[in-house]
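Participant: Coordinates in my_file_35.txt, compact mmCIF, C-alpha atoms, are listed below.
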# COMPACT_ATOMS: atom_id res chain seq x y z
CA MET J 221 -3.16 145.81 -144.71
CA ALA J 222 -6.87 146.32 -144.12
CA LEU J 223 -7.11 148.53 -147.22
CA ALA J 224 -5.47 145.83 -149.36
CA LEU J 225 -7.93 143.21 -148.09
CA LEU J 226 -10.82 145.56 -148.79
CA ALA J 227 -9.57 146.16 -152.36
CA VAL J 228 -9.24 142.41 -153.03
CA GLY J 229 -12.69 141.77 -151.54
CA LEU J 230 -14.29 144.46 -153.71
CA GLY J 231 -12.58 143.06 -156.82
CA VAL J 232 -13.97 139.60 -156.15
CA LEU J 233 -17.43 141.04 -155.46
CA MET J 234 -17.42 143.06 -158.69
CA ARG J 235 -16.39 140.01 -160.74
CA GLY J 236 -19.25 138.04 -159.19
CA LEU J 237 -21.77 140.78 -159.98
CA ILE J 238 -20.61 141.14 -163.59
CA GLY J 239 -20.70 137.36 -164.07
CA GLY J 240 -24.23 137.27 -162.65
CA LEU J 241 -25.36 139.94 -165.09
CA GLY J 242 -23.95 137.89 -167.98
CA HIS J 243 -25.95 134.86 -166.86
CA THR J 244 -29.09 137.00 -166.60
CA SER J 245 -28.76 138.28 -170.17
CA ALA J 246 -28.14 134.71 -171.43
CA ALA J 247 -31.26 133.55 -169.59
CA GLU J 248 -33.26 136.39 -171.16
CA ARG J 249 -32.01 135.42 -174.65
CA ASP J 250 -32.91 131.78 -174.04
CA SER J 251 -36.33 132.78 -172.73
CA ARG J 252 -37.02 134.88 -175.86
CA ALA J 253 -35.88 132.00 -178.07
CA LEU J 254 -38.18 129.55 -176.27
CA ALA J 255 -41.15 131.94 -176.51
CA LEU J 256 -40.58 132.38 -180.25
CA ALA J 257 -40.22 128.61 -180.77
CA GLU J 258 -43.48 127.97 -178.89
CA SER J 259 -45.24 130.67 -180.91
CA LYS J 260 -44.03 129.31 -184.26
CA LEU J 261 -44.90 125.74 -183.27
CA ALA J 262 -48.44 126.80 -182.35
CA GLU J 263 -48.76 128.81 -185.57
CA PHE J 264 -47.63 126.02 -187.90
CA ALA J 265 -49.26 123.18 -185.96
CA THR J 266 -52.73 124.71 -185.71
CA LEU J 267 -53.29 127.90 -187.70
CA ARG J 268 -51.66 127.33 -191.08
CA PRO J 269 -52.56 124.74 -193.67
CA ILE J 270 -50.00 121.93 -193.88
CA GLU J 271 -47.36 122.61 -196.51
CA VAL J 272 -44.42 120.20 -196.65
CA GLY J 273 -41.10 122.05 -196.74
CA THR J 274 -39.10 124.64 -194.85
CA ALA J 275 -39.89 128.19 -193.74
CA THR J 276 -37.34 130.57 -192.19
CA GLY J 277 -37.21 134.07 -190.78
CA THR J 278 -35.27 136.54 -188.65
CA LEU J 279 -36.48 138.88 -185.92
CA ALA J 280 -35.03 142.32 -185.19
CA GLY J 281 -33.56 141.05 -181.91
CA GLY J 282 -31.21 138.71 -183.77
CA LEU J 283 -33.22 135.50 -183.40
CA THR J 284 -33.53 133.29 -186.46
CA TRP J 285 -36.19 130.63 -186.81
CA ARG J 286 -36.68 127.63 -189.05
CA VAL J 287 -39.73 125.38 -189.43
CA ASP J 288 -39.43 122.01 -191.15
CA ILE J 289 -42.61 120.09 -192.04
CA GLN J 290 -42.28 116.52 -193.33
CA PRO J 291 -44.64 113.56 -193.77
CA HIS J 292 -44.32 111.29 -190.73
CA GLY J 293 -46.11 108.18 -191.96
CA ASP J 294 -49.61 106.80 -191.64
CA ALA J 295 -51.53 107.14 -188.40
CA GLY J 296 -52.21 103.40 -187.99
CA LEU J 297 -51.53 101.94 -184.56
CA PHE J 298 -50.17 98.43 -184.08
CA GLY J 299 -50.47 97.70 -187.78
CA VAL J 300 -54.21 98.48 -187.88
CA LYS J 301 -55.17 100.93 -190.59
CA PRO J 302 -57.72 103.61 -189.59
CA ALA J 303 -61.12 103.57 -191.31
CA ALA J 304 -60.52 107.06 -192.73
CA THR J 305 -57.36 108.25 -194.44
CA ILE J 306 -55.32 110.20 -191.93
CA ARG J 307 -51.96 111.76 -192.68
CA THR J 308 -49.37 112.51 -190.02
CA TYR J 309 -46.84 115.31 -190.36
CA SER J 310 -43.77 116.07 -188.25
CA ILE J 311 -43.33 119.77 -187.47
CA GLN J 312 -39.95 120.83 -186.08
CA VAL J 313 -39.16 124.40 -185.02
CA SER J 314 -35.60 125.57 -184.37
CA VAL J 315 -34.74 129.03 -183.00
CA ALA J 316 -31.15 130.27 -182.71
CA HIS J 317 -29.39 133.44 -181.69
CA GLY J 318 -28.16 135.28 -184.76
CA ASP J 319 -25.24 137.06 -183.06
CA ALA J 320 -21.72 136.66 -184.38
CA ALA J 321 -20.56 134.89 -181.23
CA GLY J 322 -23.19 132.17 -181.74
CA ARG J 323 -24.00 132.21 -178.04
CA GLY J 324 -26.31 129.58 -176.63
CA ARG J 325 -27.72 126.42 -178.08
CA PRO J 326 -30.67 126.53 -180.45
CA VAL J 327 -34.09 125.80 -179.01
CA VAL J 328 -35.71 122.90 -180.88
CA LEU J 329 -39.35 121.86 -180.44
CA GLU J 330 -41.20 119.18 -182.36
CA THR J 331 -44.77 117.93 -182.63
CA LEU J 332 -46.98 115.81 -184.85
CA ARG J 333 -50.06 117.02 -186.69
CA LEU J 334 -52.84 114.80 -187.94
CA GLU J 335 -54.80 115.74 -191.00
CA ALA J 336 -57.70 114.00 -192.68
CA GLY J 337 -56.84 112.71 -196.15
CA ARG J 338 -57.89 114.64 -199.20
If you took the structure in this file and wrote it as structure tokens, what would it be?
Facilitator:
Amino acid sequence: MALALLAVGLGVLMRGLIGGLGHTSAAERDSRALALAESKLAEFATLRPIEVGTATGTLAGGLTWRVDIQPHGDAGLFGVKPAATIRTYSIQVSVAHGDAAGRGRPVVLETLRLEAGR
């Protein structure tokens, strides 16, 4: 009887450990996706010249990224036009896991970028 209880207890313990490891790997994937999304957002929002359109890419770890840049409208507040021409652009970054199972939700970050008119 005691041996049977021990076997059942070990089975439950092993299932709990394996489930915990699965959650850890999912958290690591999500963490990598968030880090890539933050990196791409910083790159396109500050380092690159504004270019309306879409850029995509894939990393060796199976993460795919997409950046969409679109005009957002003028930068006037409360109907008051600014003295200088200022353009506002919406920059949206989406990072997803490229595995066949499609695990996890995509990470989506968005910001606005102001640019003096040309």
Participant: Give the answer as one residue: which of J:Leu332, J:Ala255, J:Ala247, J:Leu283 has the shortest atom-to-atom distance to His317 in chain J, using only C-alpha atoms?
Facilitator: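 Among J:Leu332, J:Ala255, J:Ala247, J:Leu283, it is J:Leu283 that comes nearest to His317 in chain J.
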Participant: Tell me which of J:Ile306, J:Leu261, J:Ala253, J:Val287 sits closest to Glu335 in chain J, counting all atoms listed in the file.
Facilitator: J:Ile306
Participant: Could you work out how far CA of Gly293 in chain J lies from CA of Glu258 in chain J, giving the answer in Å with one decimal?
Facilitator: 23.9 Å
Participant: Within 10 Å of Val327 in chain J, counting only C-alpha atoms, which residues show up once you throw out same-chain ones fewer than 4 positions away? Write them as a list in words, please.
Facilitator: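 Listed by chain and then number, they are Asp250, Ser251, Ala253, Leu254, Ala255, Leu256, Ala257, Glu258, Trp285, Val313, Ser314, Val315, Ala316 and His317 of chain J.
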Participant: Atoms to include: C-alpha atoms. Write the selected residues as a short mmCIF file (atom, residue, chain, number, x, y, z; two decimals), in the coordinates of the input.
Facilitator:
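This is the output file result.cif:
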data_model
loop_
_atom_site.label_atom_id
_atom_site.label_comp_id
_atom_site.auth_asym_id
_atom_site.auth_seq_id
_atom_site.Cartn_x
_atom_site.Cartn_y
_atom_site.Cartn_z
CA ASP J 250 -32.91 131.78 -174.04
CA SER J 251 -36.33 132.78 -172.73
CA ALA J 253 -35.88 132.00 -178.07
CA LEU J 254 -38.18 129.55 -176.27
CA ALA J 255 -41.15 131.94 -176.51
CA LEU J 256 -40.58 132.38 -180.25
CA ALA J 257 -40.22 128.61 -180.77
CA GLU J 258 -43.48 127.97 -178.89
CA TRP J 285 -36.19 130.63 -186.81
CA VAL J 313 -39.16 124.40 -185.02
CA SER J 314 -35.60 125.57 -184.37
CA VAL J 315 -34.74 129.03 -183.00
CA ALA J 316 -31.15 130.27 -182.71
CA HIS J 317 -29.39 133.44 -181.69
#
Participant: I need the residue nearest Glu330 in chain J from this list: J:Thr274, J:Thr284, J:Ser310, J:Thr266. Use only C-alpha atoms for the distance.
Facilitator: J:Ser310
Participant: Would you compute the distance between CA of Gly277 in chain J and CA of Glu248 in chain J? Give it in Å to one decimal.
Facilitator: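 Answer for the CA of Gly277 in chain J to CA of Glu248 in chain J separation: 20.1 Å.
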Participant: What separation in Å, quoted to one decimal, exists between CA of Thr308 in chain J and CA of Thr276 in chain J?
Facilitator: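 Pair CA of Thr308 in chain J / CA of Thr276 in chain J returns 21.8 Å.
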Participant: Point out the residue among J:Gln290, J:Gly273, J:Lys260, J:Thr278 with the least atom-to-atom distance to Val328 in chain J, counting only C-alpha atoms.
Facilitator: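 Looking at the shortest contact to Val328 in chain J, the residue is J:Lys260.
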Participant: Using only C-alpha atoms, find the one residue out of J:Ile311, J:Arg252, J:Ser245, J:Thr305 that sits nearest to Val272 in chain J.
Facilitator: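 Among the listed residues, J:Ile311 lies closest to Val272 in chain J.
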Participant: Report as AutoDock Vina command-line options the centre and the edge lengths, in Å to one decimal, of the axis-aligned box holding every listed atom of range 311-314 of chain J, padded by 5 Å on each side.
Facilitator:
--center_x -39.5 --center_y 122.7 --center_z -185.9 --size_x 17.7 --size_y 15.8 --size_z 13.1
Participant: Using all atoms listed in the file, which protein or nucleic acid residues come within 10 Å of Glu271 in chain J? Drop anything in the same chain fewer than 4 positions from it, and give the result as a PDB file with C-alpha atoms, in the coordinates of the input.
Facilitator:
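Okay, part.pdb is ready:
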ATOM      1  CA  PHE J 264     -47.630 126.020-187.900  1.00  0.00           C
ATOM      2  CA  ALA J 275     -39.890 128.190-193.740  1.00  0.00           C
ATOM      3  CA  ASP J 288     -39.430 122.010-191.150  1.00  0.00           C
ATOM      4  CA  ILE J 289     -42.610 120.090-192.040  1.00  0.00           C
ATOM      5  CA  GLN J 290     -42.280 116.520-193.330  1.00  0.00           C
ATOM      6  CA  PRO J 291     -44.640 113.560-193.770  1.00  0.00           C
ATOM      7  CA  TYR J 309     -46.840 115.310-190.360  1.00  0.00           C
TER       8      TYR J 309
END
